[in-house]
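Asks: Contents are mmCIF, C-alpha atoms; file name start06.cif:
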```cif
data_my_file
loop_
_atom_site.label_atom_id
_atom_site.label_comp_id
_atom_site.auth_asym_id
_atom_site.auth_seq_id
_atom_site.Cartn_x
_atom_site.Cartn_y
_atom_site.Cartn_z
CA MET A 1 19.51 24.73 -8.21
CA ARG A 2 18.34 26.74 -5.20
CA PHE A 3 15.47 28.19 -7.25
CA MET A 4 14.47 24.66 -8.36
CA ASN A 5 14.46 23.43 -4.77
CA ILE A 6 12.28 26.37 -3.73
CA PHE A 7 9.95 25.71 -6.68
CA VAL A 8 9.61 22.02 -5.80
CA MET A 9 8.92 22.90 -2.17
CA LEU A 10 6.29 25.43 -3.27
CA ILE A 11 4.54 22.81 -5.42
CA PHE A 12 4.60 20.41 -2.48
CA VAL A 13 3.10 22.99 -0.11
CA ILE A 14 0.36 23.92 -2.56
CA SER A 15 -0.40 20.26 -3.25
CA VAL A 16 -0.79 19.30 0.37
CA SER A 17 -2.78 22.45 1.11
CA ILE A 18 -5.28 21.29 -1.50
CA LEU A 19 -5.51 17.91 0.17
CA ALA A 20 -5.97 19.63 3.52
CA GLN A 21 -9.52 20.41 2.44
CA ASN A 22 -10.21 16.81 3.35
CA LYS A 23 -9.99 14.85 6.56
CA LEU A 24 -8.83 11.26 6.46
CA ASP A 25 -12.34 10.07 7.23
CA VAL A 26 -13.21 7.69 4.37
CA ILE A 27 -10.98 4.76 3.36
CA VAL A 28 -11.80 2.56 0.37
CA LEU A 29 -10.58 -1.05 0.45
CA ASP A 30 -10.65 -3.00 -2.78
CA ALA A 31 -10.39 -6.79 -2.74
CA GLY A 32 -9.51 -7.51 -6.37
CA HIS A 33 -11.37 -9.91 -8.64
CA GLY A 34 -14.39 -11.81 -7.31
CA GLY A 35 -17.32 -13.79 -8.69
CA LYS A 36 -16.81 -14.88 -12.29
CA ASP A 37 -13.30 -13.34 -12.20
CA PRO A 38 -11.31 -15.60 -9.85
CA GLY A 39 -7.92 -14.05 -10.54
CA THR A 40 -4.87 -16.27 -10.51
CA ARG A 41 -4.71 -19.73 -8.93
CA GLY A 42 -2.37 -21.48 -6.53
CA VAL A 43 -0.08 -24.08 -8.11
CA ARG A 44 -0.41 -26.61 -5.30
CA SER A 45 -3.74 -26.09 -3.56
CA GLY A 46 -5.63 -24.63 -6.51
CA VAL A 47 -6.86 -21.78 -4.29
CA PHE A 48 -8.18 -18.77 -6.18
CA GLU A 49 -6.71 -15.32 -5.71
CA LYS A 50 -10.16 -13.86 -5.00
CA ASP A 51 -10.50 -16.16 -1.97
CA ILE A 52 -7.09 -15.26 -0.54
CA ILE A 53 -7.37 -11.51 -0.71
CA LEU A 54 -10.96 -11.06 0.48
CA PRO A 55 -10.27 -12.17 4.08
CA ILE A 56 -7.11 -10.04 4.18
CA THR A 57 -9.10 -7.02 3.01
CA LEU A 58 -11.91 -7.60 5.50
CA LYS A 59 -9.46 -8.10 8.37
CA LEU A 60 -7.68 -4.86 7.47
CA GLY A 61 -11.00 -3.03 7.39
CA GLN A 62 -12.00 -4.41 10.77
CA LEU A 63 -8.73 -3.23 12.31
CA ILE A 64 -9.27 0.28 10.96
CA GLU A 65 -12.88 0.32 12.16
CA MET A 66 -11.98 -0.92 15.65
CA ASN A 67 -9.09 1.49 16.17
CA TYR A 68 -10.53 4.52 14.36
CA PRO A 69 -14.32 4.45 14.75
CA HIS A 70 -14.58 7.92 13.20
CA ILE A 71 -13.18 6.57 9.91
CA LYS A 72 -15.72 5.13 7.49
CA VAL A 73 -14.42 2.06 5.66
CA ILE A 74 -15.93 1.44 2.22
CA TYR A 75 -15.45 -1.99 0.62
CA THR A 76 -15.75 -2.42 -3.13
CA ARG A 77 -16.84 -5.96 -2.30
CA LYS A 78 -17.39 -7.87 0.94
CA THR A 79 -18.53 -11.13 -0.67
CA ASP A 80 -17.61 -13.28 -3.66
CA GLU A 81 -19.09 -10.98 -6.29
CA PHE A 82 -17.84 -9.57 -9.57
CA ILE A 83 -17.26 -5.81 -9.66
CA GLU A 84 -16.14 -4.06 -12.86
CA LEU A 85 -12.87 -2.12 -12.62
CA LYS A 86 -14.50 1.22 -13.40
CA GLU A 87 -17.21 0.50 -10.84
CA ARG A 88 -14.53 0.06 -8.18
CA THR A 89 -13.13 3.53 -8.78
CA ARG A 90 -16.63 4.98 -9.17
CA ILE A 91 -17.43 3.66 -5.69
CA ALA A 92 -14.24 5.23 -4.35
CA ASN A 93 -14.85 8.63 -5.94
CA SER A 94 -18.60 8.84 -5.27
CA THR A 95 -18.26 8.00 -1.58
CA GLY A 96 -15.68 10.73 -0.96
CA GLY A 97 -12.78 8.35 -0.44
CA LYS A 98 -9.55 9.88 0.85
CA LEU A 99 -7.43 6.76 0.37
CA PHE A 100 -7.76 3.76 -1.97
CA ILE A 101 -6.04 0.45 -1.21
CA SER A 102 -6.37 -2.41 -3.70
CA ILE A 103 -5.21 -5.88 -2.63
CA HIS A 104 -4.21 -8.69 -5.01
CA ALA A 105 -2.05 -11.79 -5.28
CA ASN A 106 0.41 -12.44 -8.10
CA HIS A 107 1.43 -15.17 -10.56
CA LYS A 108 4.55 -15.38 -12.70
CA LYS A 109 4.32 -15.55 -16.46
CA LYS A 110 5.28 -18.83 -18.13
CA GLU A 111 8.51 -17.47 -19.55
CA GLU A 112 9.63 -15.97 -16.25
CA SER A 113 11.82 -17.62 -13.66
CA ASP A 114 10.38 -18.40 -10.25
CA LYS A 115 9.25 -15.38 -8.31
CA SER A 116 8.07 -14.82 -4.77
CA GLY A 117 7.28 -11.95 -2.45
CA THR A 118 5.26 -8.77 -2.45
CA GLU A 119 5.10 -6.05 -5.06
CA ILE A 120 3.61 -2.63 -4.45
CA TYR A 121 2.38 -0.25 -7.13
CA ILE A 122 1.56 3.44 -7.35
CA LEU A 123 0.39 5.37 -10.40
CA ASN A 124 2.80 5.70 -13.30
CA ARG A 125 3.43 9.35 -14.11
CA ASP A 126 2.88 8.51 -17.78
CA ARG A 127 -0.83 8.31 -16.99
CA MET A 128 -0.87 11.46 -14.90
CA THR A 129 -2.56 13.64 -17.54
CA GLU A 130 -5.37 11.10 -17.91
CA ALA A 131 -5.64 10.89 -14.13
CA VAL A 132 -5.85 14.69 -13.89
CA HIS A 133 -8.85 14.72 -16.25
CA ILE A 134 -10.50 12.00 -14.19
CA THR A 135 -9.99 14.14 -11.09
CA MET A 136 -11.48 17.16 -12.88
CA ASN A 137 -14.59 15.18 -13.79
CA GLU A 138 -15.08 12.87 -10.83
CA ASP A 139 -13.49 14.23 -7.65
CA ILE A 140 -16.50 15.92 -6.11
CA SER A 141 -14.61 16.53 -2.86
CA LEU A 142 -12.27 19.11 -4.41
CA LYS A 143 -13.54 22.65 -3.91
CA TYR A 144 -12.55 24.20 -7.23
CA SER A 145 -14.41 27.42 -6.43
CA LEU A 146 -11.73 28.31 -3.88
CA TYR A 147 -9.18 28.62 -6.67
CA GLY A 148 -11.24 29.38 -9.77
CA ASN A 149 -14.00 27.90 -11.86
CA ASP A 150 -12.83 27.89 -15.47
CA THR A 151 -11.27 24.89 -17.20
CA THR A 152 -7.69 26.13 -16.87
CA ASP A 153 -8.10 26.74 -13.14
CA MET A 154 -9.63 23.32 -12.68
CA PHE A 155 -6.84 21.63 -14.67
CA ILE A 156 -4.12 23.36 -12.62
CA PHE A 157 -5.94 22.62 -9.38
CA SER A 158 -6.48 18.96 -10.32
CA SER A 159 -2.83 18.64 -11.42
CA LEU A 160 -1.64 19.93 -8.06
CA ALA A 161 -4.04 17.60 -6.26
CA ARG A 162 -2.74 14.64 -8.25
CA ASN A 163 0.81 15.63 -7.38
CA GLY A 164 -0.20 15.57 -3.73
CA TYR A 165 -1.83 12.16 -4.21
CA PHE A 166 1.42 10.86 -5.72
CA ILE A 167 3.46 12.07 -2.76
CA LEU A 168 1.10 10.47 -0.26
CA SER A 169 0.85 7.24 -2.28
CA SER A 170 4.63 7.01 -2.33
CA HIS A 171 4.80 7.46 1.42
CA LEU A 172 2.13 4.82 2.07
CA SER A 173 3.74 2.31 -0.29
CA SER A 174 7.03 2.64 1.61
CA ASN A 175 5.16 2.04 4.86
CA PHE A 176 3.54 -1.07 3.41
CA GLU A 177 6.86 -2.44 2.21
CA SER A 178 8.69 -1.94 5.51
CA ASN A 179 5.85 -3.28 7.67
CA ILE A 180 5.23 -6.40 5.56
CA THR A 181 8.90 -7.35 5.47
CA ALA A 182 9.28 -6.69 9.21
CA ASN A 183 6.20 -8.58 10.33
CA THR A 184 5.80 -11.45 7.86
CA PRO A 185 8.18 -13.88 6.13
CA LEU A 186 7.27 -12.35 2.76
CA ILE A 187 10.14 -10.68 0.95
CA SER A 188 9.76 -7.42 -0.95
CA ARG A 189 10.28 -7.34 -4.69
CA GLY A 190 10.05 -3.56 -4.64
CA ILE A 191 7.79 -0.59 -5.24
CA TYR A 192 6.85 0.17 -8.85
CA GLN A 193 4.89 2.65 -10.91
CA SER A 194 2.09 1.23 -13.04
CA GLY A 195 -0.80 2.32 -15.22
CA PHE A 196 -3.36 0.05 -13.54
CA TRP A 197 -6.84 1.52 -14.02
CA VAL A 198 -7.70 1.40 -10.33
CA LEU A 199 -4.72 3.66 -9.62
CA ALA A 200 -5.55 6.15 -12.38
CA GLY A 201 -9.30 6.08 -11.84
CA ALA A 202 -9.31 6.66 -8.08
CA SER A 203 -9.02 10.40 -7.46
CA MET A 204 -7.18 10.10 -4.16
CA PRO A 205 -3.91 8.63 -2.90
CA SER A 206 -3.97 5.02 -4.09
CA VAL A 207 -1.80 1.93 -3.74
CA LEU A 208 -2.10 -1.57 -5.20
CA ILE A 209 -0.49 -4.39 -3.22
CA GLU A 210 0.38 -7.83 -4.59
CA VAL A 211 0.70 -9.71 -1.30
CA GLY A 212 2.59 -12.68 -2.78
CA TYR A 213 2.92 -15.09 -5.69
CA LEU A 214 0.45 -17.97 -5.88
CA SER A 215 2.81 -19.48 -8.46
CA SER A 216 5.36 -19.85 -5.65
CA GLU A 217 4.68 -22.87 -3.44
CA THR A 218 6.32 -21.09 -0.52
CA ASP A 219 4.16 -17.98 -0.84
CA GLU A 220 1.07 -20.06 -1.56
CA SER A 221 1.53 -22.20 1.55
CA TYR A 222 1.82 -19.04 3.61
CA LEU A 223 -1.06 -17.13 2.01
CA ILE A 224 -3.64 -19.89 2.45
CA ASP A 225 -3.04 -19.96 6.21
CA GLN A 226 -5.63 -17.93 8.18
CA LYS A 227 -3.06 -16.83 10.74
CA ALA A 228 -0.85 -15.56 7.93
CA GLN A 229 -3.75 -13.61 6.45
CA THR A 230 -4.25 -11.98 9.85
CA ASP A 231 -0.53 -11.18 10.07
CA ILE A 232 -0.61 -9.53 6.64
CA ALA A 233 -3.68 -7.50 7.57
CA GLU A 234 -2.00 -6.38 10.79
CA ALA A 235 1.15 -5.37 8.89
CA LEU A 236 -0.97 -3.34 6.46
CA PHE A 237 -2.80 -1.74 9.37
CA SER A 238 0.48 -0.76 11.04
CA ALA A 239 1.51 0.90 7.77
CA PHE A 240 -1.83 2.71 7.58
CA ARG A 241 -1.43 3.92 11.16
CA SER A 242 1.98 5.43 10.31
CA TYR A 243 0.49 6.99 7.17
CA LYS A 244 -2.33 8.52 9.23
CA ARG A 245 0.19 10.15 11.58
CA TYR A 246 2.11 11.50 8.58
CA PHE A 247 -1.10 12.84 7.04
CA GLU A 248 -2.07 14.59 10.26
CA ILE A 249 1.39 16.14 10.71
CA LEU A 250 1.12 17.65 7.22
CA TYR A 251 -2.33 19.04 7.87
#
```
Here is the file; what I need is its structure written in the form of structure tokens.

Replies:
Amino acid sequence: MRFMNIFVMLIFVISVSILAQNKLDVIVLDAGHGGKDPGTRGVRSGVFEKDIILPITLKLGQLIEMNYPHIKVIYTRKTDEFIELKERTRIANSTGGKLFISIHANHKKKEESDKSGTEIYILNRDRMTEAVHITMNEDISLKYSLYGNDTTDMFIFSSLARNGYFILSSHLSSNFESNITANTPLISRGIYQSGFWVLAGASMPSVLIEVGYLSSETDESYLIDQKAQTDIAEALFSAFRSYKRYFEILY
């Protein structure tokens, strides 16, 4: 047991040392859907998901830019336009993103009972091998030459980096959950692992947030309010600020 604990700690140290090559200087914000892909729709107002999450995303970005002018905020979209899923992660990887946050709203399936509240997702470990290969091919920020150049070295290095991304994603998702529940009336439905492409394709710590259910009249009434959208963005920013402190303590 003691050996296992030491081994786990060693993996953690190596993982974060890999990430320490990078400063937290580029954040990628992804407002889901857009254009011809409206996402889900509110049951009462008929509001589209794409129109709820874009202002939240922009407000979050503005808060980061105002408080941390040295951080570059990249938006996968800033207007009502359609962006392919793979293009979203290509943008994140090609711009040297160090954190990927994707924002959505939810809708219950017909056979499900009523649902409300936020859900937060990080990458499912079942897709970790695929994600490692994506990191090998697309994460230009990783300096493989420091640890070796052949395929085996790159696979090990990318695997350790992905492990570090998972640890940081888990920490950020917990921050999001606690800050949203503390600063908005939205309840938390929990933190989950998922195989969403945007989580696997982004070679960096990544979190997908479902800010509420548009199939819930209570959530819908809240989410369409501009003040509520600001409150959500501020809660997400508070979580990011805590994450940034955590990141800097590690490195």

Asks: Could you check how far atom CA of Phe100 of chain A sits from atom CA of Ile27 of chain A, in Å to one decimal?

Replies: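 Computing it gives 6.3 Å between the two atoms.
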
Asks: What lies within 12 Å of Glu119 of chain A using all atoms listed in the file, ignoring chain neighbours under 4 positions off, as a list in words?

Replies: Ile103, His104, Ala105, Asn106, His107, Lys115, Ser173, Ser174, Phe176, Glu177, Ser178, Ile180, Thr181, Leu186, Ile187, Ser188, Arg189, Gly190, Ile191, Tyr192, Gln193, Ser194, Val207, Leu208, Ile209, Glu210, Val211, Gly212 and Tyr213 of chain A

Asks: Mind giving me the straight-line distance from atom CA of His171 of chain A to atom CA of Ala235 of chain A in Å, one decimal?

Replies: 15.3 Å

Asks: Name the residues captured by the PyMOL selection byres ((chain A and resi 45-52) around 10) when it is applied to the shown file; answer as a PyMOL selection string.

Replies: chain A and resi 31-44+53-57+79-82+103-107+211+213-214+217+220-221+223-226+229

Asks: Could you write those residues out with C-alpha atoms, as a PDB file, in the frame of the given file?

Replies:
```
ATOM      1  CA  ALA A  31     -10.390  -6.790  -2.740  1.00  0.00           C
ATOM      2  CA  GLY A  32      -9.510  -7.510  -6.370  1.00  0.00           C
ATOM      3  CA  HIS A  33     -11.370  -9.910  -8.640  1.00  0.00           C
ATOM      4  CA  GLY A  34     -14.390 -11.810  -7.310  1.00  0.00           C
ATOM      5  CA  GLY A  35     -17.320 -13.790  -8.690  1.00  0.00           C
ATOM      6  CA  LYS A  36     -16.810 -14.880 -12.290  1.00  0.00           C
ATOM      7  CA  ASP A  37     -13.300 -13.340 -12.200  1.00  0.00           C
ATOM      8  CA  PRO A  38     -11.310 -15.600  -9.850  1.00  0.00           C
ATOM      9  CA  GLY A  39      -7.920 -14.050 -10.540  1.00  0.00           C
ATOM     10  CA  THR A  40      -4.870 -16.270 -10.510  1.00  0.00           C
ATOM     11  CA  ARG A  41      -4.710 -19.730  -8.930  1.00  0.00           C
ATOM     12  CA  GLY A  42      -2.370 -21.480  -6.530  1.00  0.00           C
ATOM     13  CA  VAL A  43      -0.080 -24.080  -8.110  1.00  0.00           C
ATOM     14  CA  ARG A  44      -0.410 -26.610  -5.300  1.00  0.00           C
ATOM     15  CA  ILE A  53      -7.370 -11.510  -0.710  1.00  0.00           C
ATOM     16  CA  LEU A  54     -10.960 -11.060   0.480  1.00  0.00           C
ATOM     17  CA  PRO A  55     -10.270 -12.170   4.080  1.00  0.00           C
ATOM     18  CA  ILE A  56      -7.110 -10.040   4.180  1.00  0.00           C
ATOM     19  CA  THR A  57      -9.100  -7.020   3.010  1.00  0.00           C
ATOM     20  CA  THR A  79     -18.530 -11.130  -0.670  1.00  0.00           C
ATOM     21  CA  ASP A  80     -17.610 -13.280  -3.660  1.00  0.00           C
ATOM     22  CA  GLU A  81     -19.090 -10.980  -6.290  1.00  0.00           C
ATOM     23  CA  PHE A  82     -17.840  -9.570  -9.570  1.00  0.00           C
ATOM     24  CA  ILE A 103      -5.210  -5.880  -2.630  1.00  0.00           C
ATOM     25  CA  HIS A 104      -4.210  -8.690  -5.010  1.00  0.00           C
ATOM     26  CA  ALA A 105      -2.050 -11.790  -5.280  1.00  0.00           C
ATOM     27  CA  ASN A 106       0.410 -12.440  -8.100  1.00  0.00           C
ATOM     28  CA  HIS A 107       1.430 -15.170 -10.560  1.00  0.00           C
ATOM     29  CA  VAL A 211       0.700  -9.710  -1.300  1.00  0.00           C
ATOM     30  CA  TYR A 213       2.920 -15.090  -5.690  1.00  0.00           C
ATOM     31  CA  LEU A 214       0.450 -17.970  -5.880  1.00  0.00           C
ATOM     32  CA  GLU A 217       4.680 -22.870  -3.440  1.00  0.00           C
ATOM     33  CA  GLU A 220       1.070 -20.060  -1.560  1.00  0.00           C
ATOM     34  CA  SER A 221       1.530 -22.200   1.550  1.00  0.00           C
ATOM     35  CA  LEU A 223      -1.060 -17.130   2.010  1.00  0.00           C
ATOM     36  CA  ILE A 224      -3.640 -19.890   2.450  1.00  0.00           C
ATOM     37  CA  ASP A 225      -3.040 -19.960   6.210  1.00  0.00           C
ATOM     38  CA  GLN A 226      -5.630 -17.930   8.180  1.00  0.00           C
ATOM     39  CA  GLN A 229      -3.750 -13.610   6.450  1.00  0.00           C
TER      40      GLN A 229
END
```

Asks: I'd like to see the residues matched by the PyMOL selection byres ((chain A and resi 59) around 10) on this file, and ideally I'd get them as a list in words.

Replies: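 So the PyMOL selection byres ((chain A and resi 59) around 10), applied here, picks out Ile53, Leu54, Pro55, Ile56, Thr57, Leu58, Leu60, Gly61, Gln62, Leu63, Ile64, Glu65, Gln229, Thr230, Asp231, Ile232, Ala233, Glu234, Leu236 and Phe237 of chain A.
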
Asks: Point out the residue among A:Ala182, A:Ala200, A:Leu99, A:Val28 with the least atom-to-atom distance to Lys78 of chain A, counting only C-alpha atoms.

Replies: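 Using only C-alpha atoms, Lys78 of chain A sits closest to A:Val28.
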
Asks: If you apply the PyMOL selection byres ((chain A and resi 246) around 12) to this file, what residues do you get, as a list in words?

Replies: Val16, Leu24, Ile167, Leu168, Ser169, His171, Leu172, Asn175, Ala239, Phe240, Arg241, Ser242, Tyr243, Lys244, Arg245, Phe247, Glu248, Ile249, Leu250 and Tyr251 of chain A

Asks: Work out how far atom CA of Ile120 of chain A is from atom CA of Thr218 of chain A, in Å to one decimal.

Replies: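 Value for the atom CA of Thr218 of chain A-atom CA of Ile120 of chain A distance: 19.1 Å.
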